[in-house]
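Below is work-v7.cif, which holds mmCIF, C-alpha atoms.
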data_protein
loop_
_atom_site.label_atom_id
_atom_site.label_comp_id
_atom_site.auth_asym_id
_atom_site.auth_seq_id
_atom_site.Cartn_x
_atom_site.Cartn_y
_atom_site.Cartn_z
CA MET A 1 10.27 -8.46 -2.93
CA LYS A 2 10.70 -10.15 -6.25
CA SER A 3 9.97 -8.61 -9.60
CA LEU A 4 7.46 -9.84 -12.14
CA ILE A 5 8.55 -10.31 -15.76
CA GLU A 6 5.57 -8.48 -17.29
CA TYR A 7 6.52 -5.36 -15.31
CA LEU A 8 10.06 -5.15 -16.71
CA ILE A 9 10.57 -2.57 -19.46
CA PRO A 10 13.73 -2.87 -21.57
CA TYR A 11 14.78 0.70 -22.29
CA LYS A 12 18.11 0.21 -24.10
CA GLY A 13 16.50 -0.42 -27.50
CA LEU A 14 13.76 2.20 -27.20
CA SER A 15 13.82 5.16 -29.54
CA ILE A 16 13.76 8.69 -28.18
CA GLY A 17 10.18 9.81 -27.59
CA LYS A 18 7.10 8.71 -25.67
CA HIS A 19 6.18 5.05 -25.17
CA GLU A 20 2.93 3.90 -23.56
CA TYR A 21 2.42 0.78 -21.43
CA GLU A 22 -0.67 -0.67 -19.74
CA PHE A 23 -0.60 -3.03 -16.76
CA HIS A 24 -3.49 -4.89 -15.15
CA VAL A 25 -2.68 -5.25 -11.45
CA GLN A 26 -4.56 -8.13 -9.81
CA ASP A 27 -4.35 -10.44 -6.79
CA SER A 28 -1.37 -12.37 -8.20
CA PHE A 29 0.66 -9.14 -8.29
CA PHE A 30 0.21 -8.55 -4.55
CA ALA A 31 0.83 -12.21 -3.74
CA ALA A 32 4.08 -12.25 -5.75
CA LEU A 33 5.38 -9.08 -4.10
CA GLU A 34 4.29 -10.31 -0.65
CA SER A 35 2.40 -7.20 0.36
CA ALA A 36 1.14 -7.95 3.86
CA SER A 37 -1.32 -5.09 4.10
CA ILE A 38 -3.09 -5.66 0.76
CA GLU A 39 -5.25 -8.77 0.37
CA GLY A 40 -5.90 -8.31 -3.36
CA GLY A 41 -7.09 -5.82 -5.88
CA ASP A 42 -8.10 -4.89 -9.38
CA LEU A 43 -6.26 -1.88 -10.76
CA LYS A 44 -5.18 -0.46 -14.08
CA ALA A 45 -1.75 1.15 -14.27
CA SER A 46 -0.95 3.34 -17.27
CA LEU A 47 2.65 4.32 -17.84
CA VAL A 48 3.99 6.86 -20.33
CA LEU A 49 7.76 6.64 -20.63
CA ASP A 50 9.34 9.70 -22.23
CA LYS A 51 12.86 8.69 -23.26
CA GLN A 52 15.30 11.53 -23.81
CA SER A 53 19.01 11.54 -24.53
CA ARG A 54 20.14 11.99 -20.89
CA LEU A 55 17.13 10.81 -18.89
CA MET A 56 13.69 9.20 -18.93
CA ILE A 57 10.53 10.51 -17.34
CA ALA A 58 7.87 7.99 -16.35
CA GLU A 59 4.36 9.31 -15.78
CA ILE A 60 2.25 6.69 -14.07
CA LYS A 61 -1.47 6.68 -13.32
CA ILE A 62 -3.03 3.96 -11.15
CA VAL A 63 -6.82 3.62 -10.87
CA GLY A 64 -8.90 0.87 -9.28
CA THR A 65 -9.61 -0.79 -5.95
CA ILE A 66 -7.65 -2.84 -3.47
CA LYS A 67 -8.90 -5.14 -0.73
CA LEU A 68 -7.90 -4.20 2.79
CA ALA A 69 -8.73 -5.74 6.16
CA CYS A 70 -10.75 -3.38 8.34
CA ASP A 71 -8.93 -2.49 11.57
CA ARG A 72 -12.23 -2.45 13.43
CA CYS A 73 -14.08 -5.61 12.33
CA MET A 74 -11.30 -7.48 10.42
CA GLU A 75 -13.47 -8.02 7.33
CA LEU A 76 -12.23 -7.15 3.86
CA PHE A 77 -13.47 -4.03 2.10
CA ASP A 78 -12.71 -2.31 -1.20
CA PHE A 79 -10.58 0.82 -1.02
CA ALA A 80 -10.46 3.08 -4.07
CA ILE A 81 -7.06 4.09 -5.46
CA ASP A 82 -6.53 6.98 -7.88
CA VAL A 83 -2.95 8.20 -8.01
CA GLU A 84 -0.70 9.96 -10.50
CA TYR A 85 3.06 9.99 -10.10
CA GLU A 86 6.12 11.06 -12.01
CA GLN A 87 9.46 9.27 -11.74
CA ILE A 88 12.73 10.49 -13.26
CA TYR A 89 15.40 8.03 -14.40
CA LYS A 90 18.89 9.37 -15.16
CA TYR A 91 21.70 7.51 -16.88
CA GLY A 92 24.97 7.16 -15.01
CA ASP A 93 26.22 6.41 -11.53
CA ALA A 94 24.37 7.75 -8.52
CA PRO A 95 25.97 10.73 -6.78
CA GLU A 96 26.95 10.53 -3.13
CA ILE A 97 24.06 12.79 -2.16
CA ASN A 98 20.85 10.79 -2.50
CA GLU A 99 18.01 12.41 -4.41
CA ASP A 100 14.63 10.91 -3.53
CA ASP A 101 12.82 11.63 -6.77
CA ILE A 102 15.54 10.43 -9.16
CA ILE A 103 16.57 6.83 -9.87
CA TYR A 104 19.99 6.40 -11.46
CA LEU A 105 20.54 3.68 -14.07
CA ASN A 106 24.10 2.52 -14.50
CA ASN A 107 25.59 1.30 -17.77
CA THR A 108 25.11 -2.41 -16.98
CA GLU A 109 21.33 -2.08 -16.62
CA TYR A 110 19.08 -2.45 -19.64
CA GLN A 111 15.58 -2.58 -18.14
CA ILE A 112 13.55 -0.91 -15.42
CA ASP A 113 11.25 -2.71 -13.01
CA VAL A 114 8.00 -0.77 -12.62
CA SER A 115 6.35 -3.35 -10.33
CA ILE A 116 8.02 -1.89 -7.25
CA LEU A 117 7.17 1.65 -8.40
CA ILE A 118 3.50 0.63 -8.78
CA LEU A 119 3.40 -1.13 -5.40
CA GLU A 120 5.07 1.77 -3.56
CA ASN A 121 2.59 4.28 -4.97
CA ILE A 122 -0.35 2.06 -3.99
CA LEU A 123 1.03 1.61 -0.48
CA LEU A 124 1.44 5.37 -0.08
CA GLU A 125 -2.28 5.84 -0.75
CA ILE A 126 -3.38 3.50 2.07
CA PRO A 127 -4.44 5.41 5.20
CA ILE A 128 -2.94 4.57 8.57
CA ARG A 129 -6.36 3.70 9.99
CA ARG A 130 -8.11 1.28 7.64
CA ILE A 131 -11.81 1.08 8.37
CA HIS A 132 -14.94 0.54 6.31
CA PRO A 133 -16.24 3.76 4.77
CA GLU A 134 -19.34 5.29 6.32
CA ASP A 135 -22.72 5.20 4.56
CA LYS A 136 -24.65 8.31 3.49
CA GLN A 137 -26.12 8.76 6.99
CA GLY A 138 -22.67 8.65 8.61
CA ASN A 139 -23.08 5.15 10.07
CA SER A 140 -20.34 2.57 10.03
CA THR A 141 -20.60 -0.16 7.38
CA CYS A 142 -18.61 -2.62 9.49
CA ASN A 143 -20.14 -5.99 10.33
CA PRO A 144 -22.73 -5.17 13.05
CA LYS A 145 -22.14 -8.49 14.85
CA HIS A 146 -18.44 -7.72 15.23
CA ILE A 147 -19.13 -4.18 16.45
CA GLU A 148 -21.62 -5.49 19.00
CA LEU A 149 -19.09 -8.08 20.18
CA ILE A 150 -16.36 -5.44 20.55
CA GLN A 151 -18.69 -3.16 22.51
CA SER A 152 -19.78 -5.99 24.82
CA TYR A 153 -16.15 -6.77 25.68
CA GLY A 154 -15.56 -3.10 26.42
CA LYS A 155 -18.45 -2.99 28.92
CA LYS A 156 -17.49 -6.09 30.88
CA LYS A 157 -15.49 -5.55 34.01
CA GLN A 158 -13.72 -8.73 34.80
CA VAL A 159 -12.49 -8.84 38.36
CA ASP A 160 -10.09 -11.48 39.46
CA PRO A 161 -11.77 -13.34 42.36
CA ARG A 162 -8.45 -13.66 44.19
CA TRP A 163 -8.61 -9.92 44.97
CA ASP A 164 -12.02 -10.22 46.69
CA VAL A 165 -10.29 -11.56 49.83
CA LEU A 166 -8.47 -8.24 50.24
CA LYS A 167 -11.77 -6.39 50.53
CA ASN A 168 -12.38 -8.06 53.91
CA LEU A 169 -9.16 -6.80 55.44
CA LYS A 170 -9.58 -4.17 58.16
CA PHE A 171 -6.82 -1.86 59.20
CA GLU A 172 -6.58 -0.30 62.62
CA ASP A 173 -5.12 3.15 63.01
#
Turn this file's structure into structure tokens for me.
Amino acid sequence: MKSLIEYLIPYKGLSIGKHEYEFHVQDSFFAALESASIEGGDLKASLVLDKQSRLMIAEIKIVGTIKLACDRCMELFDFAIDVEYEQIYKYGDAPEINEDDIIYLNNTEYQIDVSILILENILLEIPIRRIHPEDKQGNSTCNPKHIELIQSYGKKKQVDPRWDVLKNLKFED
């Protein structure tokens, strides 16, 4: 994964207090970060960075839609994303015991990359089974031609003709 320049926030020169940032996440974002499961999207990410003397707290809200390939019919569909997340950044070297919800910033760093934070939170919202949502009557909104094709392959029993010869064998007891 590579970072995008517009998603880098230099924190060394920031004053203590809250700072707000807005990011428009589009198809180029997912292409640059090489996200295999997301085909594109249109999202708005709002970030409030609360800088304090010993740490920073980032409150992030991501709202919009992403394009996913349906596992059933392989066509793209829009999947709604609405997530809020809080990330804590502490100054200093990381302790030996890893804490999942805290990112440590050493003295040589001067900026944080929020592109990976945004992508990870979007990826966590994607369900394991990605299928078109159902309509109001509970019917699938997948491409009917693809569903019909899948069902027709499921009904066919293909028998290898080489095994037909074995049906004629007779065993004597």
> So what does the PyMOL selection byres ((chain A and resi 31) around 12) actually pick up in this one, as number ranges by chain?
Replying inline: A: 1-4, 25-30, 32-41, 119
Selected by the PyMOL selection byres ((chain A and resi 12) around 8) in the shown coordinates: which residues, as a short mmCIF file (atom, residue, chain, number, x, y, z; two decimals) with C-alpha atoms, in the coordinates of the input?
data_model
loop_
_atom_site.label_atom_id
_atom_site.label_comp_id
_atom_site.auth_asym_id
_atom_site.auth_seq_id
_atom_site.Cartn_x
_atom_site.Cartn_y
_atom_site.Cartn_z
CA PRO A 10 13.73 -2.87 -21.57
CA TYR A 11 14.78 0.70 -22.29
CA GLY A 13 16.50 -0.42 -27.50
CA LEU A 14 13.76 2.20 -27.20
CA TYR A 110 19.08 -2.45 -19.64
CA GLN A 111 15.58 -2.58 -18.14
#
>> Measuring between all atoms listed in the file, which one of A:Ile81, A:Leu124, A:Met56, A:Ala45 shows the shortest distance to Ser15 (chain A)?
In response: A:Met56
>> Selection in question (the file shown): the PyMOL selection byres ((chain A and resi 63) around 10). Which residues does it include, as a VMD selection string?
In response: chain A and resid 25 42 to 46 61 to 62 64 to 66 80 to 84 122
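Distances here use only C-alpha atoms; by that measure, the residue among A:Asp71, A:Asp50, A:Glu59, A:Glu172 closest to Arg129 (chain A) is A:Asp71.
As for CA of Leu123 (chain A) and CA of Ile5 (chain A), they are spaced 20.8 Å apart.
Nearest residue to Asn143 (chain A) among A:Ile116, A:Val165, A:Ile131, A:Ile9 is A:Ile131, counting all atoms listed in the file.
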> Quick one, how far is CA of Asp100 (chain A) from CA of Ile88 (chain A)?
Replying inline: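 CA of Asp100 (chain A) sits 9.9 Å away from CA of Ile88 (chain A).
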>> Given only C-alpha atoms as the basis, pick out the residue of A:His132, A:His24, A:Lys18, A:Arg72 nearest to Ile57 (chain A).
In response: A:Lys18
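Here CA of Ile16 (chain A) stands at a distance of 7.0 Å from CA of Ser53 (chain A).
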>> Need to verify the contact set: Gln87 (chain A), 12 Å, all atoms listed in the file, exclusion of same-chain residues closer than 3 positions in sequence. Can you return it as a PyMOL selection string?
In response: chain A and resi 47-50+55-61+84+90+99-104+112+114+117-118+120-121
>> Given only C-alpha atoms as the basis, pick out the residue of A:Ser115, A:Asn106, A:Gln52, A:Ser140 nearest to Leu8 (chain A).
In response: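 Of A:Ser115, A:Asn106, A:Gln52, A:Ser140, the one nearest Leu8 (chain A), counting only C-alpha atoms, is A:Ser115.
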